[in-house]
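Undergrad: Pasting a structure below so you can have a look.
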Amino acid sequence: MPVIRRFLAALAVTALLVVGWFLATRASSNPQPANSNRPITVSSSTASPDPALARRIDAQIDEGDSAHARWGVFVASTKDGRVLHSRDGDRLFTPASNMKIFTTAVALEVLGADYRWRTSVYAARQMDANGVVEGDLTLYGRGAPDFDSKAKGGLPALVDQLYERGLRRVRGSVIGDESYFRAETHAVGWQWNDLQWYYGAAPSALTIDENSVEVTIAPATKSGSAASVVVNPDDKYVRLTNHTTTGGRDAITSIGIQRGLSNNDLQVWGEFPATGRSFSAFLSVYDPALHAATTFKRLLTARGIQVEGDVRSRDFRVAEADRFDPQTAVELANTDSAPLSEIVRETNKESNNLFAELLLRTLGKERGATVPDPDPRRNATRGDDAAGAAVVRKWLSDQGVAVRDLAIHDGSGLSRLDLITPESAVRLLIAMAKSSSAASFRNSLPIAGRDGTLRGRLIPIAGKVSAKTGYLTYTHALSGYVTTAEGEEIAFSIICNDATGQSRAGRTIDAIVTLLAQQGPQKLAK
């Protein structure tokens, strides 16, 4: 029996080898069609990745302290689209703030660099001869990212216009209306512990002062006393409870800050050394539209305009009968935002999450109807954020970028559910380099060693790199343009996920980009 078993086993192995050879022969002589969802090449050049460049880039990763992490790299020429290197460039990665290049590029292309947002003040009817408005005064936002309570063209300008028109009394309430956008308060995939900080501020059609307040903490003059905690602006919208103490000279700073997730109750606790230096933290506010209305009423009163009612906010969730319609109201004052090109510049240079989210919702509001959801039910209830994501996907697809597997859940990259490929980022960068919006887009990117989030990075090659940074816990990314030693412009995207422990993935990314800039693909090939 053992002999028969060995004979049958040998026969089975032989059969498997023959079948394997047959299948391999069929595959090589009759290859499968290419995946139709792969990006179209930007030009006819289909040169193979540069092996010398590949070896050096891979060595930076494999010999660095982040070799255990998951890396994706894609490098291509902006001139002819030839691929210089790809390391898992077609795999999905969490992009962090590299998501912003998708949002800002499409906003420039679809809305135009000169697009502006309008913020208005409405009443149900004109004021009377005595400067009295019967009923409510509505501050109506349309998503202006830069609307604030201090700038000459912001909320003070609206108050001045109202006063100059003769307004002296409002017999109703002041309402902050954010119903222009239909979207959830926060994007899917945002973490709860990000929401109290400025970078997790809720995007609102009625945004003011970037929907945040500054909290400054300093030691008291006497040990044992509570530390000084100041909220700016001090409009009583944020309710402060101070449980801090000022310790001795040897005390260790141990300050805790917490704002409720569904209110503006702020608690500060811990110990602050008597010799410690003051510091500030920026916190988001809950219900930004109500914050805007509160600030509006305060400025009206300071200007000499009396308001008899309270302050309220209104969003898209109100009943049909209670919805505000600007078409049937009287516009008493208005102000316009800076042009979109300036908003995009702030978004990318300083990696402003709130601005990116407002851009995405604006795309959905303005152009979402051109990309309806195939399901009528989903389309009827789709938020402007989801509609904006559909606009981004459509534009990418039109440029030949594979979008089937991409996951776009927000405009900023704060969502942990966003997924892109390094190749999709590079294809976008190449498309933008050839677009009519090329100058505005390129000018919005941080410049190595010069400004934005790259002002302190890549100093040896300062001025040669324009790129968007990205960072989340365990995620590092950089995507943009670099000029090589031969003067060739290259688009690149480098994303590192799962960089745990003591790894410094950012240094590896900088080393790769420096390699591209200092040596260039032509020299590496020699």
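How things are named: the first chain in the structure tokens is A, the next is B, and so on; residues count from 1 in each chain; ligands count from 1 in the order shown.
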Excluding Ala157 (chain A) and any residue of its chain fewer than 5 positions from it, enumerate the residues within 10 Å of it, using only C-alpha atoms, and give them as a VMD selection string.

TA: chain A and resid 149 to 152 162 to 163 333 to 335

Undergrad: Hey, can you spit out that residue selection with N, CA and C atoms as a compact mmCIF listing (two decimals), in the first residue's frame?

TA:
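So part-v1.txt came out as:
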```txt
# COMPACT_ATOMS: atom_id res chain seq x y z
N SER A 149 -15.56 88.39 12.82
CA SER A 149 -16.15 89.45 13.63
C SER A 149 -15.24 90.65 13.80
N LYS A 150 -14.08 90.65 13.14
CA LYS A 150 -13.10 91.71 13.33
C LYS A 150 -12.75 92.44 12.05
N ALA A 151 -12.63 91.72 10.95
CA ALA A 151 -12.17 92.32 9.71
C ALA A 151 -13.15 93.37 9.19
N LYS A 152 -12.62 94.34 8.49
CA LYS A 152 -13.42 95.45 7.97
C LYS A 152 -14.52 94.96 7.04
N LEU A 162 -26.07 98.50 8.21
CA LEU A 162 -27.39 98.60 8.83
C LEU A 162 -27.57 99.95 9.54
N TYR A 163 -26.54 100.38 10.25
CA TYR A 163 -26.63 101.65 10.97
C TYR A 163 -26.76 102.81 9.98
N ALA A 333 -28.49 94.23 4.14
CA ALA A 333 -27.04 94.42 4.06
C ALA A 333 -26.40 93.15 3.52
N ASN A 334 -25.21 93.28 2.95
CA ASN A 334 -24.50 92.10 2.46
C ASN A 334 -23.01 92.40 2.36
N THR A 335 -22.23 91.35 2.34
CA THR A 335 -20.79 91.47 2.15
C THR A 335 -20.29 90.22 1.44
```

Undergrad: Need to verify the contact set: Thr475 (chain A), 6 Å, only C-alpha atoms, exclusion of same-chain residues closer than 3 positions in sequence. Can you return it as a ChimeraX atom specification?

TA: /A:471-472,496-497

Undergrad: Point out the residue among A:Gly400, A:Asp373, A:Arg56, A:Gly388 with the least atom-to-atom distance to Ala511 (chain A), counting only C-alpha atoms.

TA: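 So, comparing all the options, the nearest one is A:Arg56.
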
Undergrad: Residues of region 161-394 of chain A classed as strand (DSSP E or B) by DSSP on the backbone are to be reported as a PyMOL selection string.

TA: chain A and resi 169-170+174-177+197+212-218+228-232+239-247+254-259+265-273+279-284+306-307+311-314+330-336

Undergrad: Counting only C-alpha atoms, what are the residues of region 312-376 of chain A within 8 Å of region 275-293 of chain A, and for each of them which pair of atoms is the nearest and at what distance in Å, to one decimal? Sort the table by chain and rising number, as JSON lines.

TA:
```
{"residue": "A:Arg312", "atom": "CA", "partner": "A:Leu290", "partner_atom": "CA", "distance": 5.8}
{"residue": "A:Ser313", "atom": "CA", "partner": "A:Leu290", "partner_atom": "CA", "distance": 4.8}
{"residue": "A:Arg314", "atom": "CA", "partner": "A:Ala289", "partner_atom": "CA", "distance": 7.5}
```

Undergrad: Generate a file of the selected residues that holds N, CA, C and O atoms, formatted as a PDB file, in the first residue's frame.

TA:
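Below is the file again.pdb, written as the result:
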```
ATOM      1  N   ARG A 312     -31.058  83.112  18.281  1.00  0.00           N
ATOM      2  CA  ARG A 312     -31.383  81.731  17.935  1.00  0.00           C
ATOM      3  C   ARG A 312     -30.613  81.318  16.697  1.00  0.00           C
ATOM      4  O   ARG A 312     -30.083  82.159  15.971  1.00  0.00           O
ATOM      5  N   SER A 313     -30.578  80.015  16.450  1.00  0.00           N
ATOM      6  CA  SER A 313     -29.962  79.515  15.218  1.00  0.00           C
ATOM      7  C   SER A 313     -30.974  78.656  14.473  1.00  0.00           C
ATOM      8  O   SER A 313     -31.941  78.154  15.063  1.00  0.00           O
ATOM      9  N   ARG A 314     -30.728  78.494  13.171  1.00  0.00           N
ATOM     10  CA  ARG A 314     -31.647  77.712  12.348  1.00  0.00           C
ATOM     11  C   ARG A 314     -30.831  76.972  11.292  1.00  0.00           C
ATOM     12  O   ARG A 314     -29.942  77.545  10.666  1.00  0.00           O
TER      13      ARG A 314
END
```

Undergrad: Just the residues within 10 Å of Leu240 (chain A), please, counting only C-alpha atoms, with nothing from its chain fewer than 3 positions along; format it as a PyMOL selection string.

TA: chain A and resi 215+229-231+236-237+243+259+264-268

Undergrad: One decimal, in Å: what's the spacing between CA of Asp114 (chain A) and CA of Pro339 (chain A)?

TA: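 Distance between the two atoms: 4.9 Å.
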
Undergrad: Could you give me the residues within region 206-374 of chain A that DSSP places in helix (DSSP H, G or I), as a PyMOL selection string?

TA: chain A and resi 209-211+288-302+320-322+326-328+340-349+353-370

Undergrad: Mind dumping the selected residues with N, CA and C atoms as a compact mmCIF listing (two decimals), in the first residue's frame?

TA:
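For reference, out.txt as written:
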```txt
# COMPACT_ATOMS: atom_id res chain seq x y z
N ASP A 209 -15.24 83.59 12.46
CA ASP A 209 -13.99 83.44 13.21
C ASP A 209 -13.50 81.99 13.20
N GLU A 210 -13.69 81.34 12.06
CA GLU A 210 -13.29 79.94 11.87
C GLU A 210 -13.90 79.02 12.93
N ASN A 211 -15.05 79.46 13.46
CA ASN A 211 -15.83 78.65 14.42
C ASN A 211 -14.98 78.20 15.61
N PRO A 288 -22.08 76.76 15.60
CA PRO A 288 -21.45 77.99 15.10
C PRO A 288 -22.44 79.08 14.70
N ALA A 289 -23.59 78.69 14.17
CA ALA A 289 -24.57 79.71 13.75
C ALA A 289 -25.09 80.50 14.94
N LEU A 290 -25.28 79.82 16.07
CA LEU A 290 -25.72 80.52 17.27
C LEU A 290 -24.61 81.42 17.79
N HIS A 291 -23.38 80.96 17.65
CA HIS A 291 -22.23 81.80 18.03
C HIS A 291 -22.20 83.07 17.18
N ALA A 292 -22.45 82.92 15.86
CA ALA A 292 -22.48 84.08 14.97
C ALA A 292 -23.60 85.04 15.36
N ALA A 293 -24.77 84.50 15.67
CA ALA A 293 -25.90 85.33 16.06
C ALA A 293 -25.61 86.08 17.36
N THR A 294 -24.96 85.39 18.32
CA THR A 294 -24.60 86.01 19.59
C THR A 294 -23.63 87.17 19.38
N THR A 295 -22.65 86.93 18.54
CA THR A 295 -21.67 87.98 18.22
C THR A 295 -22.34 89.14 17.48
N PHE A 296 -23.24 88.82 16.56
CA PHE A 296 -23.96 89.83 15.80
C PHE A 296 -24.76 90.75 16.72
N LYS A 297 -25.48 90.16 17.66
CA LYS A 297 -26.27 90.96 18.58
C LYS A 297 -25.37 91.86 19.43
N ARG A 298 -24.25 91.32 19.87
CA ARG A 298 -23.31 92.13 20.67
C ARG A 298 -22.81 93.33 19.89
N LEU A 299 -22.47 93.14 18.61
CA LEU A 299 -21.97 94.24 17.80
C LEU A 299 -23.07 95.24 17.46
N LEU A 300 -24.29 94.75 17.25
CA LEU A 300 -25.42 95.66 17.00
C LEU A 300 -25.64 96.57 18.21
N THR A 301 -25.64 95.98 19.39
CA THR A 301 -25.86 96.75 20.62
C THR A 301 -24.75 97.78 20.82
N ALA A 302 -23.51 97.37 20.56
CA ALA A 302 -22.38 98.28 20.72
C ALA A 302 -22.46 99.45 19.74
N GLU A 320 -40.77 72.37 7.27
CA GLU A 320 -40.96 73.12 6.03
C GLU A 320 -41.56 74.50 6.29
N ALA A 321 -42.53 74.55 7.18
CA ALA A 321 -43.22 75.82 7.45
C ALA A 321 -42.31 76.85 8.11
N ASP A 322 -41.23 76.38 8.77
CA ASP A 322 -40.36 77.30 9.50
C ASP A 322 -39.09 77.66 8.71
N PRO A 326 -34.83 83.32 1.39
CA PRO A 326 -34.28 84.64 1.06
C PRO A 326 -35.02 85.33 -0.09
N GLN A 327 -35.65 84.53 -0.96
CA GLN A 327 -36.34 85.11 -2.11
C GLN A 327 -37.54 85.94 -1.70
N THR A 328 -38.11 85.65 -0.56
CA THR A 328 -39.31 86.38 -0.12
C THR A 328 -38.99 87.40 0.97
N LEU A 340 -12.12 82.86 -4.36
CA LEU A 340 -11.81 81.46 -4.06
C LEU A 340 -10.31 81.18 -4.15
N SER A 341 -9.59 81.86 -5.05
CA SER A 341 -8.16 81.61 -5.17
C SER A 341 -7.44 81.90 -3.85
N GLU A 342 -7.88 82.94 -3.12
CA GLU A 342 -7.27 83.25 -1.83
C GLU A 342 -7.68 82.23 -0.76
N ILE A 343 -8.91 81.77 -0.83
CA ILE A 343 -9.37 80.76 0.12
C ILE A 343 -8.61 79.46 -0.08
N VAL A 344 -8.42 79.08 -1.33
CA VAL A 344 -7.65 77.86 -1.64
C VAL A 344 -6.22 77.99 -1.16
N ARG A 345 -5.66 79.17 -1.30
CA ARG A 345 -4.29 79.39 -0.84
C ARG A 345 -4.18 79.16 0.66
N GLU A 346 -5.11 79.72 1.43
CA GLU A 346 -5.12 79.51 2.88
C GLU A 346 -5.36 78.03 3.21
N THR A 347 -6.23 77.39 2.45
CA THR A 347 -6.56 75.99 2.70
C THR A 347 -5.33 75.11 2.59
N ASN A 348 -4.56 75.29 1.53
CA ASN A 348 -3.41 74.42 1.30
C ASN A 348 -2.16 74.88 2.05
N LYS A 349 -1.89 76.18 2.05
CA LYS A 349 -0.67 76.66 2.73
C LYS A 349 -0.68 76.30 4.21
N ASN A 353 -8.53 72.77 7.77
CA ASN A 353 -9.58 71.76 7.60
C ASN A 353 -10.95 72.37 7.36
N LEU A 354 -11.29 73.40 8.13
CA LEU A 354 -12.61 74.02 8.01
C LEU A 354 -12.82 74.58 6.62
N PHE A 355 -11.82 75.27 6.09
CA PHE A 355 -11.95 75.84 4.74
C PHE A 355 -12.19 74.73 3.71
N ALA A 356 -11.47 73.62 3.85
CA ALA A 356 -11.63 72.52 2.90
C ALA A 356 -13.03 71.94 2.95
N GLU A 357 -13.58 71.82 4.16
CA GLU A 357 -14.94 71.28 4.30
C GLU A 357 -15.98 72.21 3.69
N LEU A 358 -15.78 73.51 3.85
CA LEU A 358 -16.72 74.47 3.26
C LEU A 358 -16.60 74.47 1.74
N LEU A 359 -15.40 74.26 1.22
CA LEU A 359 -15.23 74.14 -0.23
C LEU A 359 -16.00 72.93 -0.76
N LEU A 360 -15.89 71.80 -0.06
CA LEU A 360 -16.58 70.59 -0.51
C LEU A 360 -18.09 70.79 -0.51
N ARG A 361 -18.63 71.39 0.54
CA ARG A 361 -20.07 71.62 0.61
C ARG A 361 -20.53 72.63 -0.43
N THR A 362 -19.69 73.61 -0.72
CA THR A 362 -20.03 74.58 -1.77
C THR A 362 -20.08 73.90 -3.13
N LEU A 363 -19.14 73.00 -3.38
CA LEU A 363 -19.17 72.23 -4.63
C LEU A 363 -20.48 71.46 -4.75
N GLY A 364 -20.89 70.83 -3.65
CA GLY A 364 -22.13 70.07 -3.67
C GLY A 364 -23.34 70.94 -3.89
N LYS A 365 -23.37 72.09 -3.21
CA LYS A 365 -24.51 73.00 -3.34
C LYS A 365 -24.60 73.58 -4.74
N GLU A 366 -23.46 73.98 -5.28
CA GLU A 366 -23.43 74.66 -6.58
C GLU A 366 -23.49 73.72 -7.78
N ARG A 367 -22.87 72.55 -7.66
CA ARG A 367 -22.75 71.68 -8.84
C ARG A 367 -23.25 70.25 -8.60
N GLY A 368 -23.75 69.96 -7.42
CA GLY A 368 -24.18 68.60 -7.12
C GLY A 368 -25.27 68.09 -8.04
N ALA A 369 -26.13 68.98 -8.52
CA ALA A 369 -27.22 68.56 -9.41
C ALA A 369 -26.71 67.99 -10.73
N THR A 370 -25.47 68.32 -11.10
CA THR A 370 -24.91 67.79 -12.36
C THR A 370 -24.44 66.35 -12.20
```

Undergrad: Please list as a PyMOL selection string every residue within 8 Å of region 476-491 of chain A, counting only C-alpha atoms and excluding residues in the same chain fewer than 4 positions away.

TA: chain A and resi 75-79+95-98+425-426+429-430+445+464-472+495-497+499+505-506+509+513+516-522

Undergrad: Which residue is closest to Asp384 (chain A)? Choose from A:Ser86, A:Ser179, A:Ser436, A:Thr473 and count only C-alpha atoms.

TA: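 Between A:Ser86, A:Ser179, A:Ser436, A:Thr473, the residue approaching Asp384 (chain A) most closely is A:Ser179.
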
Undergrad: What lies within 9 Å of Ala390 (chain A) using only C-alpha atoms, ignoring chain neighbours under 2 positions off, as an MDAnalysis selection string?

TA: chainID A and resid 364 368 371:373 385:388 392:395 408

Undergrad: Given the selection you just returned, output its residues as a file containing all heavy atoms, formatted as a JSON list (two decimals), in the first residue's frame.

TA:
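Dumped to result12.json:
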```json
[["chain", "number", "residue", "atom", "x", "y", "z"],
["A", 364, "GLY", "N", -20.89, 70.83, -3.65],
["A", 364, "GLY", "CA", -22.13, 70.07, -3.67],
["A", 364, "GLY", "C", -23.34, 70.94, -3.89],
["A", 364, "GLY", "O", -24.25, 70.59, -4.65],
["A", 368, "GLY", "N", -23.75, 69.96, -7.42],
["A", 368, "GLY", "CA", -24.18, 68.60, -7.12],
["A", 368, "GLY", "C", -25.27, 68.09, -8.04],
["A", 368, "GLY", "O", -25.33, 66.89, -8.35],
["A", 371, "VAL", "N", -24.34, 65.87, -10.95],
["A", 371, "VAL", "CA", -23.91, 64.49, -10.69],
["A", 371, "VAL", "C", -24.90, 63.86, -9.72],
["A", 371, "VAL", "O", -24.57, 63.58, -8.56],
["A", 371, "VAL", "CB", -22.48, 64.44, -10.10],
["A", 371, "VAL", "CG1", -21.92, 63.01, -10.18],
["A", 371, "VAL", "CG2", -21.56, 65.41, -10.80],
["A", 372, "PRO", "N", -26.13, 63.62, -10.16],
["A", 372, "PRO", "CA", -27.14, 63.07, -9.24],
["A", 372, "PRO", "C", -26.84, 61.63, -8.87],
["A", 372, "PRO", "O", -26.20, 60.89, -9.62],
["A", 372, "PRO", "CB", -28.43, 63.17, -10.04],
["A", 372, "PRO", "CG", -27.99, 63.09, -11.47],
["A", 372, "PRO", "CD", -26.66, 63.81, -11.51],
["A", 373, "ASP", "N", -27.30, 61.22, -7.69],
["A", 373, "ASP", "CA", -27.19, 59.82, -7.30],
["A", 373, "ASP", "C", -28.18, 59.02, -8.13],
["A", 373, "ASP", "O", -29.33, 59.45, -8.31],
["A", 373, "ASP", "CB", -27.52, 59.67, -5.81],
["A", 373, "ASP", "CG", -27.15, 58.29, -5.28],
["A", 373, "ASP", "OD1", -27.81, 57.31, -5.69],
["A", 373, "ASP", "OD2", -26.23, 58.20, -4.46],
["A", 385, "ASP", "N", -22.28, 67.66, 1.34],
["A", 385, "ASP", "CA", -20.94, 67.10, 1.43],
["A", 385, "ASP", "C", -20.80, 65.88, 0.52],
["A", 385, "ASP", "O", -19.82, 65.74, -0.22],
["A", 385, "ASP", "CB", -20.58, 66.75, 2.87],
["A", 385, "ASP", "CG", -21.65, 65.94, 3.58],
["A", 385, "ASP", "OD1", -22.77, 65.80, 3.05],
["A", 385, "ASP", "OD2", -21.38, 65.44, 4.69],
["A", 386, "ALA", "N", -21.81, 64.99, 0.55],
["A", 386, "ALA", "CA", -21.78, 63.82, -0.34],
["A", 386, "ALA", "C", -21.89, 64.24, -1.80],
["A", 386, "ALA", "O", -21.25, 63.66, -2.68],
["A", 386, "ALA", "CB", -22.92, 62.88, 0.02],
["A", 387, "ALA", "N", -22.70, 65.26, -2.06],
["A", 387, "ALA", "CA", -22.82, 65.76, -3.44],
["A", 387, "ALA", "C", -21.50, 66.35, -3.90],
["A", 387, "ALA", "O", -21.09, 66.17, -5.07],
["A", 387, "ALA", "CB", -23.93, 66.80, -3.52],
["A", 388, "GLY", "N", -20.80, 67.05, -2.99],
["A", 388, "GLY", "CA", -19.50, 67.59, -3.34],
["A", 388, "GLY", "C", -18.49, 66.51, -3.66],
["A", 388, "GLY", "O", -17.69, 66.63, -4.59],
["A", 392, "VAL", "N", -16.27, 65.83, -7.12],
["A", 392, "VAL", "CA", -14.83, 65.57, -7.16],
["A", 392, "VAL", "C", -14.56, 64.29, -7.95],
["A", 392, "VAL", "O", -13.67, 64.26, -8.81],
["A", 392, "VAL", "CB", -14.26, 65.45, -5.72],
["A", 392, "VAL", "CG1", -12.81, 64.97, -5.76],
["A", 392, "VAL", "CG2", -14.36, 66.79, -5.01],
["A", 393, "ARG", "N", -15.31, 63.25, -7.68],
["A", 393, "ARG", "CA", -15.11, 61.98, -8.39],
["A", 393, "ARG", "C", -15.36, 62.14, -9.88],
["A", 393, "ARG", "O", -14.63, 61.57, -10.70],
["A", 393, "ARG", "CB", -16.03, 60.91, -7.80],
["A", 393, "ARG", "CG", -15.73, 60.53, -6.36],
["A", 393, "ARG", "CD", -16.76, 59.55, -5.81],
["A", 393, "ARG", "NE", -16.65, 58.26, -6.45],
["A", 393, "ARG", "CZ", -15.86, 57.27, -6.04],
["A", 393, "ARG", "NH1", -15.12, 57.44, -4.95],
["A", 393, "ARG", "NH2", -15.81, 56.13, -6.67],
["A", 394, "LYS", "N", -16.38, 62.89, -10.24],
["A", 394, "LYS", "CA", -16.69, 63.08, -11.67],
["A", 394, "LYS", "C", -15.56, 63.81, -12.37],
["A", 394, "LYS", "O", -15.14, 63.43, -13.47],
["A", 394, "LYS", "CB", -17.99, 63.89, -11.78],
["A", 394, "LYS", "CG", -18.36, 64.30, -13.21],
["A", 394, "LYS", "CD", -18.68, 63.10, -14.09],
["A", 394, "LYS", "CE", -19.39, 63.49, -15.37],
["A", 394, "LYS", "NZ", -18.68, 64.49, -16.18],
["A", 395, "TRP", "N", -15.03, 64.85, -11.73],
["A", 395, "TRP", "CA", -13.93, 65.60, -12.35],
["A", 395, "TRP", "C", -12.70, 64.70, -12.51],
["A", 395, "TRP", "O", -12.05, 64.72, -13.55],
["A", 395, "TRP", "CB", -13.58, 66.82, -11.50],
["A", 395, "TRP", "CG", -12.54, 67.69, -12.14],
["A", 395, "TRP", "CD1", -12.73, 68.71, -13.02],
["A", 395, "TRP", "CD2", -11.11, 67.57, -11.96],
["A", 395, "TRP", "NE1", -11.53, 69.25, -13.40],
["A", 395, "TRP", "CE2", -10.51, 68.58, -12.77],
["A", 395, "TRP", "CE3", -10.28, 66.75, -11.21],
["A", 395, "TRP", "CZ2", -9.13, 68.75, -12.83],
["A", 395, "TRP", "CZ3", -8.92, 66.92, -11.28],
["A", 395, "TRP", "CH2", -8.34, 67.92, -12.08],
["A", 408, "ILE", "N", -14.04, 58.87, -0.69],
["A", 408, "ILE", "CA", -13.97, 60.29, -0.36],
["A", 408, "ILE", "C", -15.11, 60.62, 0.59],
["A", 408, "ILE", "O", -16.28, 60.62, 0.19],
["A", 408, "ILE", "CB", -14.06, 61.16, -1.63],
["A", 408, "ILE", "CG1", -12.92, 60.80, -2.60],
["A", 408, "ILE", "CG2", -14.01, 62.64, -1.28],
["A", 408, "ILE", "CD1", -13.01, 61.51, -3.95]]
```

Undergrad: Using only C-alpha atoms for the distances, tell me which of A:Gly176, A:Gly154, A:Gly166, A:Pro145 is nearest to Val132 (chain A).

TA: A:Gly166

Undergrad: Given the choices A:Thr508, A:Met432, A:Gly463, A:Gly248, which gets closest to Glu109 (chain A) if the distance is worked out from only C-alpha atoms?

TA: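 Distance minimum relative to Glu109 (chain A) lands on A:Met432.
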
Undergrad: Rounded to one decimal place, report the CA of Ser397 (chain A)-CA of Pro376 (chain A) distance in Å.

TA: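 We find that CA of Ser397 (chain A) and CA of Pro376 (chain A) lie 22.3 Å from each other.
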
Undergrad: Of the residues A:Gly200, A:Gly383, A:Gly309, A:Gly260, which is the one nearest to Leu414 (chain A), using only C-alpha atoms?

TA: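 Using only C-alpha atoms, the shortest distance to Leu414 (chain A) belongs to A:Gly200.
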
Undergrad: At what distance in Å, to one decimal, does CA of Leu111 (chain A) lie from CA of Ser440 (chain A)?

TA: 12.7 Å

Undergrad: Applying 9 Å and only C-alpha atoms, which residues near Leu92 (chain A) remain after dropping the ones on its own chain fewer than 5 positions away? List them as an MDAnalysis selection string.

TA: chainID A and resid 72 405:406 419:422

Undergrad: Would you save the residues of that selection, restricted to N, CA and C atoms, as an mmCIF file, in the first residue's frame?

TA:
```cif
data_model
loop_
_atom_site.group_PDB
_atom_site.id
_atom_site.type_symbol
_atom_site.label_atom_id
_atom_site.label_comp_id
_atom_site.auth_asym_id
_atom_site.auth_seq_id
_atom_site.Cartn_x
_atom_site.Cartn_y
_atom_site.Cartn_z
ATOM 1 N N GLY A 72 3.407 53.908 0.081
ATOM 2 C CA GLY A 72 2.980 54.030 -1.303
ATOM 3 C C GLY A 72 3.688 55.212 -1.943
ATOM 4 N N ASP A 405 -12.326 52.688 -6.782
ATOM 5 C CA ASP A 405 -12.001 52.204 -5.440
ATOM 6 C C ASP A 405 -11.705 53.325 -4.442
ATOM 7 N N LEU A 406 -11.683 54.574 -4.895
ATOM 8 C CA LEU A 406 -11.393 55.672 -3.979
ATOM 9 C C LEU A 406 -12.555 55.884 -3.020
ATOM 10 N N LEU A 419 -9.777 57.176 1.478
ATOM 11 C CA LEU A 419 -8.765 56.298 0.866
ATOM 12 C C LEU A 419 -8.499 56.768 -0.562
ATOM 13 N N ILE A 420 -7.225 57.001 -0.871
ATOM 14 C CA ILE A 420 -6.816 57.343 -2.222
ATOM 15 C C ILE A 420 -5.601 56.496 -2.578
ATOM 16 N N THR A 421 -5.158 56.587 -3.826
ATOM 17 C CA THR A 421 -3.907 55.952 -4.228
ATOM 18 C C THR A 421 -2.895 57.050 -4.529
ATOM 19 N N PRO A 422 -1.603 56.797 -4.296
ATOM 20 C CA PRO A 422 -0.591 57.782 -4.685
ATOM 21 C C PRO A 422 -0.666 58.101 -6.179
#
```
